[in-house]
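Raw target_3.tsv, TSV, C-alpha atoms:
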```tsv
chain	number	residue	atom	x	y	z
A	17	MET	CA	26.80	2.34	-28.19
A	18	LYS	CA	28.23	1.93	-24.67
A	19	PHE	CA	26.73	5.28	-23.60
A	20	PHE	CA	23.38	4.26	-25.08
A	21	LEU	CA	23.35	0.97	-23.16
A	22	LEU	CA	24.29	2.72	-19.91
A	23	SER	CA	21.48	5.22	-20.46
A	24	LEU	CA	19.01	2.35	-20.88
A	25	LEU	CA	20.32	0.71	-17.71
A	26	PHE	CA	19.98	3.87	-15.63
A	27	ALA	CA	16.51	4.47	-17.05
A	28	ALA	CA	15.46	0.96	-16.01
A	29	LEU	CA	16.83	1.48	-12.50
A	30	ALA	CA	15.30	4.93	-12.01
A	31	PRO	CA	12.09	5.17	-10.00
A	32	ALA	CA	8.94	5.19	-12.08
A	33	ALA	CA	7.39	8.63	-12.43
A	34	ASN	CA	3.92	7.72	-11.19
A	35	LEU	CA	3.39	10.78	-9.02
A	36	PRO	CA	2.60	14.20	-10.53
A	37	ASP	CA	4.96	17.16	-10.60
A	38	SER	CA	2.53	19.20	-8.49
A	39	ILE	CA	-0.12	18.52	-5.87
A	40	GLY	CA	-2.15	21.62	-5.10
A	41	ALA	CA	0.27	24.43	-4.30
A	42	TYR	CA	3.12	21.98	-3.70
A	43	HIS	CA	5.78	21.14	-6.29
A	44	ARG	CA	7.92	18.04	-6.43
A	45	THR	CA	11.56	18.69	-5.49
A	46	ALA	CA	12.98	15.16	-5.24
A	47	SER	CA	12.12	11.54	-6.01
A	48	SER	CA	13.51	8.23	-4.84
A	49	GLN	CA	12.54	4.62	-4.34
A	50	PRO	CA	11.17	3.89	-0.86
A	51	VAL	CA	13.02	1.52	1.43
A	52	LEU	CA	11.22	-1.83	1.29
A	53	GLU	CA	11.21	-3.85	4.47
A	54	ASP	CA	10.00	-7.48	4.34
A	55	GLN	CA	10.94	-7.85	0.69
A	56	ALA	CA	9.43	-11.35	0.58
A	57	ILE	CA	5.98	-9.93	1.33
A	58	TRP	CA	6.34	-7.28	-1.37
A	59	ASN	CA	7.29	-10.07	-3.77
A	60	GLU	CA	4.10	-11.95	-2.84
A	61	LEU	CA	2.09	-8.81	-3.52
A	62	GLY	CA	3.63	-8.51	-6.97
A	63	LEU	CA	5.19	-5.10	-6.44
A	64	LYS	CA	5.95	-3.71	-9.90
A	65	ASP	CA	7.48	-0.37	-8.96
A	66	SER	CA	7.35	2.26	-6.26
A	67	GLU	CA	8.23	5.90	-5.81
A	68	THR	CA	8.56	8.41	-3.00
A	69	ALA	CA	8.44	12.10	-3.89
A	70	THR	CA	9.05	15.16	-1.73
A	71	TYR	CA	6.77	18.15	-2.35
A	72	GLU	CA	7.43	21.68	-1.14
A	73	ASN	CA	5.52	24.95	-0.94
A	74	GLY	CA	7.82	27.51	0.61
A	75	ALA	CA	8.84	26.19	4.02
A	76	ALA	CA	6.04	23.58	4.06
A	77	LYS	CA	6.73	20.13	2.67
A	78	PHE	CA	5.42	16.57	2.68
A	79	LYS	CA	6.18	13.18	1.18
A	80	ALA	CA	4.01	11.03	-1.05
A	81	THR	CA	4.63	7.37	-1.88
A	82	ALA	CA	3.03	5.20	-4.55
A	83	TRP	CA	3.34	1.41	-4.66
A	84	HIS	CA	2.24	-0.19	-7.95
A	85	LEU	CA	1.03	-3.72	-7.19
A	86	GLN	CA	-0.15	-6.66	-9.24
A	87	ASP	CA	-3.86	-6.24	-8.49
A	88	ALA	CA	-6.42	-4.75	-6.12
A	89	THR	CA	-6.17	-7.74	-3.77
A	90	ALA	CA	-2.48	-6.98	-3.31
A	91	SER	CA	-3.34	-3.32	-2.65
A	92	LEU	CA	-5.83	-4.40	0.03
A	93	ALA	CA	-3.21	-6.63	1.66
A	94	ALA	CA	-0.62	-3.84	1.61
A	95	PHE	CA	-3.16	-1.37	3.01
A	96	ASP	CA	-3.99	-3.66	5.94
A	97	TRP	CA	-0.29	-4.23	6.57
A	98	LEU	CA	0.91	-0.61	6.44
A	99	ARG	CA	-2.09	1.11	8.02
A	100	SER	CA	-1.24	2.74	11.34
A	101	ALA	CA	-2.82	1.14	14.41
A	102	GLN	CA	-3.87	4.67	15.44
A	103	SER	CA	-5.51	5.58	12.13
A	104	THR	CA	-9.20	6.18	11.57
A	105	PRO	CA	-11.30	5.58	8.44
A	106	SER	CA	-11.24	8.36	5.86
A	107	PRO	CA	-14.14	9.15	3.50
A	108	VAL	CA	-11.89	9.87	0.50
A	109	ALA	CA	-11.92	6.26	-0.75
A	110	LYS	CA	-13.45	2.86	-0.01
A	111	LEU	CA	-10.15	1.79	1.54
A	112	ALA	CA	-8.62	4.84	3.19
A	113	ALA	CA	-7.24	5.59	6.63
A	114	GLU	CA	-5.96	8.82	8.09
A	115	THR	CA	-3.92	10.04	11.02
A	116	PRO	CA	-3.65	13.67	12.17
A	117	THR	CA	-0.73	14.15	9.76
A	118	GLY	CA	-1.21	11.64	6.97
A	119	LEU	CA	-3.37	9.56	4.66
A	120	LEU	CA	-3.17	6.01	3.28
A	121	LEU	CA	-5.52	4.79	0.55
A	122	VAL	CA	-6.06	2.19	-2.14
A	123	HIS	CA	-6.71	3.17	-5.74
A	124	ALA	CA	-7.22	-0.01	-7.78
A	125	ASN	CA	-3.82	-1.77	-7.91
A	126	TYR	CA	-2.00	1.15	-6.24
A	127	LEU	CA	-1.40	1.97	-2.59
A	128	LEU	CA	-0.83	5.68	-1.95
A	129	ALA	CA	0.56	7.24	1.23
A	130	PHE	CA	0.90	10.89	2.19
A	131	ASP	CA	3.01	11.97	5.15
A	132	GLY	CA	2.60	15.56	6.32
A	133	TYR	CA	-0.37	16.42	4.10
A	134	LYS	CA	-3.83	15.10	3.28
A	135	PRO	CA	-4.80	15.85	-0.34
A	136	THR	CA	-8.31	17.01	-1.15
A	137	LEU	CA	-10.61	14.91	-3.34
A	138	PRO	CA	-9.88	17.02	-6.47
A	139	GLU	CA	-6.15	16.63	-5.79
A	140	LEU	CA	-6.55	12.88	-5.37
A	141	ASP	CA	-8.40	12.73	-8.70
A	142	LEU	CA	-5.46	14.47	-10.38
A	143	ILE	CA	-2.98	12.10	-8.73
A	144	ALA	CA	-5.02	9.08	-9.84
A	145	GLY	CA	-4.97	10.41	-13.39
A	146	GLU	CA	-1.17	10.29	-13.42
A	147	LEU	CA	-0.92	6.64	-12.40
A	148	LYS	CA	0.14	4.19	-15.10
A	149	ASN	CA	-1.37	0.78	-15.87
A	150	VAL	CA	-4.27	1.09	-13.43
A	151	GLU	CA	-6.31	-2.12	-13.25
A	152	ASN	CA	-9.78	-1.64	-11.79
A	153	ILE	CA	-10.52	-5.18	-10.64
A	154	ALA	CA	-13.01	-5.84	-7.84
A	155	LEU	CA	-11.69	-6.30	-4.33
A	156	PRO	CA	-12.11	-9.72	-2.69
A	157	SER	CA	-15.09	-10.34	-0.43
A	158	LEU	CA	-14.31	-9.93	3.26
A	159	TYR	CA	-15.94	-12.15	5.86
A	160	LEU	CA	-14.72	-11.07	9.29
A	161	PRO	CA	-17.39	-9.48	11.52
A	162	SER	CA	-17.04	-5.95	12.87
A	163	GLU	CA	-18.35	-6.68	16.37
A	164	ASN	CA	-15.57	-6.60	18.98
A	165	LEU	CA	-12.98	-6.08	16.23
A	166	VAL	CA	-9.75	-4.44	17.34
A	167	PRO	CA	-9.47	-1.44	15.00
A	168	ASN	CA	-6.85	-1.76	12.25
A	169	SER	CA	-5.93	-5.33	13.22
A	170	GLN	CA	-7.09	-6.86	9.93
A	171	ARG	CA	-4.53	-8.55	7.70
A	172	TYR	CA	-5.14	-10.03	4.25
A	173	ILE	CA	-2.71	-12.88	3.56
A	174	VAL	CA	-1.84	-14.05	0.06
A	175	GLY	CA	1.31	-16.10	0.63
A	176	PRO	CA	3.64	-17.86	3.06
A	177	ALA	CA	5.79	-14.82	3.86
A	178	ALA	CA	2.79	-12.83	5.12
A	179	LEU	CA	1.47	-15.87	6.97
A	180	GLN	CA	4.82	-16.28	8.72
A	181	LYS	CA	4.82	-12.60	9.73
A	182	PHE	CA	1.22	-12.27	10.90
A	183	SER	CA	0.30	-15.79	12.04
A	184	PRO	CA	3.53	-17.77	12.52
A	185	GLY	CA	1.78	-20.60	14.37
A	186	ILE	CA	0.20	-21.88	11.14
A	187	PRO	CA	2.54	-23.88	8.84
A	188	PRO	CA	2.48	-22.55	5.25
A	189	SER	CA	2.28	-26.15	4.04
A	190	VAL	CA	-1.34	-26.42	5.24
A	191	ALA	CA	-2.46	-23.11	3.72
A	192	ALA	CA	-2.51	-24.29	0.07
A	193	PHE	CA	-1.24	-20.99	-1.30
A	194	HIS	CA	-0.01	-22.93	-4.34
A	195	LEU	CA	-3.70	-23.55	-5.16
A	196	GLY	CA	-4.56	-19.85	-4.95
A	197	ALA	CA	-5.73	-19.83	-1.33
A	198	GLU	CA	-5.95	-16.51	0.51
A	199	ALA	CA	-6.75	-15.76	4.15
A	200	GLU	CA	-8.03	-12.92	6.27
A	201	MET	CA	-7.21	-12.44	9.93
A	202	ALA	CA	-7.94	-9.95	12.67
A	203	VAL	CA	-7.86	-9.55	16.44
A	204	PHE	CA	-11.08	-9.49	18.45
A	205	HIS	CA	-11.84	-8.54	22.04
A	206	SER	CA	-13.31	-11.35	24.14
A	207	SER	CA	-14.13	-12.00	27.77
A	208	LYS	CA	-10.89	-14.01	28.03
A	209	GLY	CA	-8.72	-11.38	26.35
A	210	ASP	CA	-7.91	-10.51	22.78
A	211	VAL	CA	-7.89	-13.41	20.32
A	212	SER	CA	-6.68	-13.70	16.72
A	213	VAL	CA	-9.10	-15.17	14.19
A	214	LEU	CA	-8.06	-16.38	10.74
A	215	VAL	CA	-10.42	-17.49	8.01
```
Would you mind writing the file's structure down as structure tokens?
Amino acid sequence: MKFFLLSLLFAALAPAANLPDSIGAYHRTASSQPVLEDQAIWNELGLKDSETATYENGAAKFKATAWHLQDATASLAAFDWLRSAQSTPSPVAKLAAETPTGLLLVHANYLLAFDGYKPTLPELDLIAGELKNVENIALPSLYLPSENLVPNSQRYIVGPAALQKFSPGIPPSVAAFHLGAEAEMAVFHSSKGDVSVLV
């Protein structure tokens, strides 16, 4: 009985196997849970589980990470937060950004990151098919204009921890997060310098 209980405990603590065993010609060689900085923000986003896997094909290798979040709004917020300031939009998904060596994208209530490799569309379809408990709920409407927008400066804020990180001048007590309020912010170029706008 003791061995059985320990097995259940280790199974509960093990990273969820959301990522496939193979991506293209690459095969998974190791899995772990990613290091989570700003745990309070992840809690606000309703992080359910996460996994980082290393894939290898001979001497070539890359890492893939999947974060399973509470809904698509949380995925959008995580995407805005983790997207590189140097990234450019990618055509592989509605919310996707790429760098010369990596790719970050939203798939429903998942955020997926690839470091060292950019999967093809057929490979992404196979990866999406492996994800568990996918909830295809519509993304929130976004209201910030694109004119004079500083690229990749957008942040979607769903709670006080994110507000404190991205716009610390606004007290959480006035944001009414307890009533379901959410906010969007970004930085814009102006004649007097860059300015942050929050709506």
Please compute the atom CA of A:Ala90-atom CA of A:Ile39 distance, one decimal, in Å.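 It comes out at 25.7 Å.
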If you measure from atom CA of A:Pro135 to atom CA of A:Leu35, what distance in Å do you get, rounded to one decimal?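 Between atom CA of A:Pro135 and atom CA of A:Leu35 the gap is 13.0 Å.
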Any idea what's packed within 8 Å of A:Ala197, counting all atoms listed in the file, ignoring anything in its chain fewer than 5 positions away? Could you give it as a list in words?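 In the requested format, the answer is Val174, Ala191 and Ala192 of chain A.
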Neighbouring residues of A:Trp83 were defined as those with any atom within 9 Å, considering all atoms listed in the file; residues of the same chain fewer than 5 positions away were excluded. Please report them as a PyMOL selection string. chain A and resi 63-68+91+125-129
Nearest residue to A:Gly40 out of A:Gly185, A:Pro138, A:Pro176, A:Pro156, using all atoms listed in the file? A:Pro138
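Distance-wise, atom CA of A:Ala202 and atom CA of A:Asn164 end up 10.5 Å apart.
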